file final_2.cif (mmCIF, C-alpha atoms)
data_upload
loop_
_atom_site.label_atom_id
_atom_site.label_comp_id
_atom_site.auth_asym_id
_atom_site.auth_seq_id
_atom_site.Cartn_x
_atom_site.Cartn_y
_atom_site.Cartn_z
CA MET V 97 -6.85 10.12 -34.98
CA LEU V 98 -6.35 6.85 -33.07
CA LEU V 99 -4.61 6.91 -29.68
CA LEU V 100 -3.80 3.81 -27.66
CA LEU V 101 -4.86 3.86 -23.96
CA ASP V 102 -3.44 1.49 -21.32
CA ASN V 103 -5.75 -1.10 -19.70
CA PHE V 104 -9.01 0.69 -20.55
CA CYS V 105 -10.49 -2.31 -22.35
CA ASP V 106 -9.37 -4.97 -19.88
CA GLY V 107 -12.36 -7.20 -19.16
CA LYS V 108 -14.70 -5.27 -21.48
CA PRO V 109 -16.42 -6.73 -24.54
CA ASN V 110 -15.85 -5.15 -27.94
CA GLY V 111 -17.80 -1.93 -28.33
CA ASP V 112 -17.85 1.81 -27.76
CA TYR V 113 -17.60 3.40 -24.31
CA LYS V 114 -17.83 6.97 -23.04
CA ASP V 115 -14.45 8.67 -22.74
CA PRO V 116 -13.93 9.64 -19.09
CA ASP V 117 -11.93 12.70 -20.16
CA THR V 118 -14.30 14.29 -22.69
CA CYS V 119 -17.83 13.93 -24.01
CA HIS V 120 -16.68 15.03 -27.48
CA GLY V 121 -15.57 11.50 -28.31
CA PHE V 122 -15.58 7.88 -27.17
CA ILE V 123 -13.28 4.93 -26.67
CA SER V 124 -13.71 1.95 -28.94
CA CYS V 125 -12.58 -1.44 -27.62
CA SER V 126 -11.62 -4.04 -30.19
CA ASN V 127 -10.19 -7.37 -29.00
CA GLY V 128 -8.88 -5.75 -25.82
CA ILE V 129 -7.26 -2.83 -27.64
CA PRO V 130 -8.63 0.66 -26.82
CA TYR V 131 -8.82 3.43 -29.40
CA LYS V 132 -9.72 7.05 -28.59
CA MET V 133 -12.22 8.23 -31.21
CA PRO V 134 -13.26 11.90 -31.54
CA CYS V 135 -16.78 12.91 -32.55
CA PRO V 136 -17.23 15.35 -35.46
CA ALA V 137 -17.21 19.06 -34.54
CA ASN V 138 -19.99 20.21 -32.18
CA LEU V 139 -21.16 16.64 -31.46
CA CYS V 140 -20.88 14.56 -28.26
CA PHE V 141 -20.95 10.81 -27.71
CA ASN V 142 -24.39 9.57 -26.66
CA GLU V 143 -23.80 6.32 -24.77
CA ARG V 144 -27.49 5.31 -24.94
CA LYS V 145 -27.57 5.62 -28.73
CA ASP V 146 -23.96 4.41 -29.15
CA GLN V 147 -23.24 7.26 -31.57
CA CYS V 148 -22.18 10.89 -31.75
CA ASP V 149 -25.18 13.17 -31.22
CA TYR V 150 -26.06 16.80 -30.59
CA CYS V 151 -24.42 17.84 -27.32
CA LYS V 152 -27.73 19.17 -25.93
CA ASN V 153 -28.92 15.50 -25.88
CA VAL V 154 -25.87 14.28 -23.88
CA PRO V 155 -25.18 14.92 -20.19
CA CYS V 156 -21.61 16.15 -20.05
CA ASP V 157 -21.21 17.91 -16.71
CA PRO V 158 -18.01 17.46 -14.72
CA VAL V 159 -18.16 14.58 -12.22
CA ASP V 160 -15.95 14.93 -9.15
CA GLY V 161 -14.18 11.81 -7.95
CA GLY V 162 -15.29 9.93 -4.86
CA TRP V 163 -13.33 7.57 -2.62
CA SER V 164 -13.94 3.83 -2.60
CA PRO V 165 -14.18 2.20 0.83
CA TRP V 166 -10.86 1.47 2.56
CA SER V 167 -9.42 -1.95 1.83
CA PRO V 168 -8.86 -4.34 4.72
CA TRP V 169 -5.51 -3.85 6.47
CA TYR V 170 -2.68 -5.65 4.66
CA PRO V 171 -0.64 -8.12 6.75
CA CYS V 172 2.01 -6.65 9.04
CA SER V 173 5.47 -6.28 7.47
CA VAL V 174 7.09 -8.30 10.31
CA SER V 175 5.92 -10.88 12.85
CA CYS V 176 7.59 -9.13 15.82
CA GLY V 177 9.83 -6.21 16.68
CA GLY V 178 7.64 -3.46 15.24
CA GLY V 179 6.30 -3.30 11.71
CA ILE V 180 3.91 -1.38 9.52
CA GLN V 181 0.66 -2.34 7.90
CA ILE V 182 -1.25 -0.36 5.32
CA ARG V 183 -4.66 -0.10 3.76
CA VAL V 184 -5.61 1.67 0.55
CA ARG V 185 -8.55 3.28 -1.21
CA THR V 186 -9.02 4.42 -4.77
CA CYS V 187 -10.69 7.41 -6.35
CA THR V 188 -13.17 5.28 -8.30
CA ASN V 189 -16.55 5.83 -6.62
CA PRO V 190 -17.04 7.50 -9.07
CA PRO V 191 -13.81 8.28 -10.89
CA PRO V 192 -13.43 11.93 -11.85
CA SER V 193 -14.65 12.54 -15.37
CA TYR V 194 -15.28 15.37 -17.82
CA GLY V 195 -12.90 17.64 -15.96
CA GLY V 196 -14.26 16.83 -12.48
CA LYS V 197 -12.02 17.19 -9.45
CA PRO V 198 -9.88 14.29 -8.27
CA CYS V 199 -10.38 12.97 -4.74
CA CYS V 200 -8.80 14.97 -1.95
CA GLY V 201 -6.92 13.27 0.87
CA PRO V 202 -4.65 10.27 1.30
CA SER V 203 -5.08 7.06 -0.67
CA VAL V 204 -2.90 5.08 1.78
CA GLU V 205 -3.08 4.81 5.58
CA SER V 206 -0.49 3.10 7.74
CA ARG V 207 -0.27 1.99 11.34
CA ALA V 208 2.23 0.28 13.61
CA CYS V 209 1.79 -3.44 14.23
CA ASN V 210 3.41 -6.39 16.01
CA GLN V 211 5.27 -4.15 18.46
CA GLN V 212 6.08 -7.00 20.84
CA HIS V 213 9.74 -8.01 21.23
CA CYS V 214 10.99 -10.85 19.08
CA PRO V 215 11.84 -14.00 21.03
CA PHE V 216 15.51 -14.92 21.03
CA THR V 217 16.33 -18.39 19.75
CA CYS V 218 19.45 -20.41 20.37
CA ARG V 219 18.63 -22.82 17.56
CA GLY V 220 21.72 -23.14 15.36
CA LYS V 221 23.89 -20.96 17.63
CA PRO V 222 27.01 -22.23 19.41
CA ASN V 223 26.92 -22.46 23.20
CA GLY V 224 27.78 -19.13 24.82
CA ASP V 225 26.46 -15.77 25.97
CA TYR V 226 24.64 -13.34 23.64
CA LYS V 227 23.40 -9.78 23.92
CA ASP V 228 19.66 -9.70 24.67
CA PRO V 229 18.17 -7.62 21.81
CA ASN V 230 15.33 -6.52 24.08
CA ASN V 231 17.13 -5.72 27.36
CA CYS V 232 20.69 -4.53 27.95
CA TYR V 233 20.45 -5.23 31.71
CA GLY V 234 20.96 -8.94 31.10
CA PHE V 235 22.07 -11.46 28.50
CA ILE V 236 21.01 -14.76 26.96
CA SER V 237 23.08 -17.84 27.58
CA CYS V 238 22.71 -20.57 24.96
CA SER V 239 23.35 -24.15 25.99
CA ASN V 240 22.60 -27.05 23.65
CA GLY V 241 20.02 -24.98 21.70
CA ILE V 242 18.17 -23.77 24.82
CA ALA V 243 18.00 -20.06 25.72
CA TYR V 244 18.44 -19.01 29.34
CA TYR V 245 17.68 -15.40 30.22
CA MET V 246 20.28 -14.15 32.70
CA PRO V 247 19.89 -10.78 34.46
CA CYS V 248 22.94 -8.70 35.38
CA PRO V 249 23.33 -7.56 38.99
CA ALA V 250 21.45 -4.33 39.78
CA GLY V 251 22.68 -1.32 37.79
CA LEU V 252 25.02 -3.29 35.47
CA ARG V 253 24.65 -3.93 31.74
CA PHE V 254 25.89 -6.83 29.64
CA ASN V 255 29.08 -6.05 27.73
CA ALA V 256 29.17 -8.49 24.79
CA ALA V 257 32.79 -7.54 23.92
CA LEU V 258 33.94 -8.65 27.38
CA ASP V 259 31.24 -11.35 27.80
CA LYS V 260 30.31 -10.08 31.26
CA CYS V 261 28.13 -7.59 33.11
CA ASP V 262 29.80 -4.18 33.27
CA TRP V 263 29.28 -0.60 34.45
CA PRO V 264 26.73 1.37 32.34
CA GLU V 265 29.31 3.94 31.22
CA HIS V 266 31.18 1.12 29.40
CA VAL V 267 28.13 -0.28 27.59
CA LYS V 268 25.71 1.25 25.07
CA CYS V 269 22.19 -0.13 25.15
#
call {"tool": "encode", "arguments": {"input": "final_2.cif", "output": "structure tokens"}}
result
Amino acid sequence: MLLLLDNFCDGKPNGDYKDPDTCHGFISCSNGIPYKMPCPANLCFNERKDQCDYCKNVPCDPVDGGWSPWSPWYPCSVSCGGGIQIRVRTCTNPPPSYGGKPCCGPSVESRACNQQHCPFTCRGKPNGDYKDPNNCYGFISCSNGIAYYMPCPAGLRFNAALDKCDWPEHVKC
């Protein structure tokens, strides 16, 4: 019985390889195409001899999976304003085989990154006052592409709808 397996033969030369799922067969790679090949009854694939052999001559104990080292951290998802970066590891050191246990624990870790506020730019904006995305107790006034940070008087917040500083109960931050 021939069964097609995905990606098993990628990068491997033609030949026979131990089946990671069972020692009672092997995987034959031919021009990048993998075929699952069973051994005859009561025989196991002997990788050293490249043939089916008596099972007593073939180590076939379960191998539990082990984690690879963590990858480097991937770049942050944003350059400012709070993003996430991740790193990954795979259960390939060694991969579980012959009924061994898969790795236990997470394969992905994440952490916060670039938490600093994003700078406000007036480039391409018409002259006028804009809500400061980082501080509701002031506003940004754009004039000829230049940003001016303008604080409201003590205790007041910028009300963009009215284009002026206003009492806090009238403005949501």
call {"tool": "resolve_selection", "arguments": {"input": "final_2.cif", "expression": "the PyMOL selection byres ((chain V and resi 143-150) around 9)", "output": "list in words"}}
result
Gly111, Asp112, Tyr113, Lys114, His120, Gly121, Phe122, Pro134, Cys135, Pro136, Asn138, Leu139, Cys140, Phe141, Asn142, Cys151, Lys152, Asn153 and Val154 of chain V
call {"tool": "resolve_selection", "arguments": {"input": "final_2.cif", "expression": "the PyMOL selection byres ((chain V and resi 102-108) around 9)", "output": "ChimeraX atom specification"}}
result
/V:100-101,109-111,123-130
call {"tool": "closest_residue", "arguments": {"input": "final_2.cif", "among": "V:Cys214, V:Ala137, V:Cys209, V:Cys200", "to": "V:Thr186", "atoms": "only C-alpha atoms"}}
result
V:Cys200
call {"tool": "atom_distance", "arguments": {"input": "final_2.cif", "atom1": "atom CA of V:Cys238", "atom2": "atom CA of V:Pro264"}}
result
23.5 Å
call {"tool": "residues_near_point", "arguments": {"input": "final_2.cif", "point": "(20.9, -11.4, 30.0)", "cutoff": "7 Å", "atoms": "all atoms listed in the file", "output": "number ranges by chain"}}
result
V: 227-228, 233-236, 245-248, 254
call {"tool": "write_last_selection", "arguments": {"input": "final_2.cif", "atoms": "C-alpha atoms", "output": "compact mmCIF listing (two decimals), in the coordinates of the input"}}
result
# COMPACT_ATOMS: atom_id res chain seq x y z
CA LYS V 227 23.40 -9.78 23.92
CA ASP V 228 19.66 -9.70 24.67
CA TYR V 233 20.45 -5.23 31.71
CA GLY V 234 20.96 -8.94 31.10
CA PHE V 235 22.07 -11.46 28.50
CA ILE V 236 21.01 -14.76 26.96
CA TYR V 245 17.68 -15.40 30.22
CA MET V 246 20.28 -14.15 32.70
CA PRO V 247 19.89 -10.78 34.46
CA CYS V 248 22.94 -8.70 35.38
CA PHE V 254 25.89 -6.83 29.64
call {"tool": "atom_distance", "arguments": {"input": "final_2.cif", "atom1": "atom CA of V:Gly196", "atom2": "atom CA of V:Gly161"}}
result
6.8 Å
call {"tool": "atom_distance", "arguments": {"input": "final_2.cif", "atom1": "atom CA of V:Pro165", "atom2": "atom CA of V:Pro198"}}
result
15.7 Å
call {"tool": "residues_near_point", "arguments": {"input": "final_2.cif", "point": "(28.0, -11.9, 37.7)", "cutoff": "8 Å", "atoms": "all atoms listed in the file", "output": "list in words"}}
result
Cys248, Pro249, Lys260 and Cys261 of chain V
call {"tool": "write_last_selection", "arguments": {"input": "final_2.cif", "atoms": "C-alpha atoms", "output": "CSV table (one decimal), keeping the file's coordinate frame"}}
result
chain,number,residue,atom,x,y,z
V,248,CYS,CA,22.9,-8.7,35.4
V,249,PRO,CA,23.3,-7.6,39.0
V,260,LYS,CA,30.3,-10.1,31.3
V,261,CYS,CA,28.1,-7.6,33.1
call {"tool": "closest_residue", "arguments": {"input": "final_2.cif", "among": "V:Ser175, V:Asn255, V:Gln212, V:Thr188", "to": "V:Tyr226", "atoms": "all atoms listed in the file"}}
result
V:Asn255
call {"tool": "closest_residue", "arguments": {"input": "final_2.cif", "among": "V:Pro191, V:Gly241, V:Pro155, V:Gly177", "to": "V:Gln211", "atoms": "all atoms listed in the file"}}
result
V:Gly177
call {"tool": "resolve_selection", "arguments": {"input": "final_2.cif", "expression": "the PyMOL selection byres ((chain V and resi 183) around 8)", "output": "list in words"}}
result
Trp166, Ser167, Pro168, Trp169, Tyr170, Gln181, Ile182, Val184, Arg185, Val204, Glu205 and Ser206 of chain V
call {"tool": "write_last_selection", "arguments": {"input": "final_2.cif", "atoms": "C-alpha atoms", "output": "tab-separated table (two decimals), in the frame of the given file"}}
result
chain	number	residue	atom	x	y	z
V	166	TRP	CA	-10.86	1.47	2.56
V	167	SER	CA	-9.42	-1.95	1.83
V	168	PRO	CA	-8.86	-4.34	4.72
V	169	TRP	CA	-5.51	-3.85	6.47
V	170	TYR	CA	-2.68	-5.65	4.66
V	181	GLN	CA	0.66	-2.34	7.90
V	182	ILE	CA	-1.25	-0.36	5.32
V	184	VAL	CA	-5.61	1.67	0.55
V	185	ARG	CA	-8.55	3.28	-1.21
V	204	VAL	CA	-2.90	5.08	1.78
V	205	GLU	CA	-3.08	4.81	5.58
V	206	SER	CA	-0.49	3.10	7.74
call {"tool": "closest_residue", "arguments": {"input": "final_2.cif", "among": "V:Lys268, V:Ala256, V:Lys132, V:Ser173", "to": "V:Ala208", "atoms": "only C-alpha atoms"}}
result
V:Ser173
call {"tool": "residues_around", "arguments": {"input": "final_2.cif", "residues": "V:Gly162", "least_positions_apart": "5", "cutoff": "6 Å", "atoms": "only C-alpha atoms", "output": "PyMOL selection string"}}
result
chain V and resi 187+189-190+199
call {"tool": "closest_residue", "arguments": {"input": "final_2.cif", "among": "V:Ser237, V:Asp115, V:Cys269, V:Ile180", "to": "V:Leu252", "atoms": "all atoms listed in the file"}}
result
V:Cys269
call {"tool": "closest_residue", "arguments": {"input": "final_2.cif", "among": "V:Pro215, V:Ala243, V:Pro116, V:Val267", "to": "V:Pro192", "atoms": "all atoms listed in the file"}}
result
V:Pro116
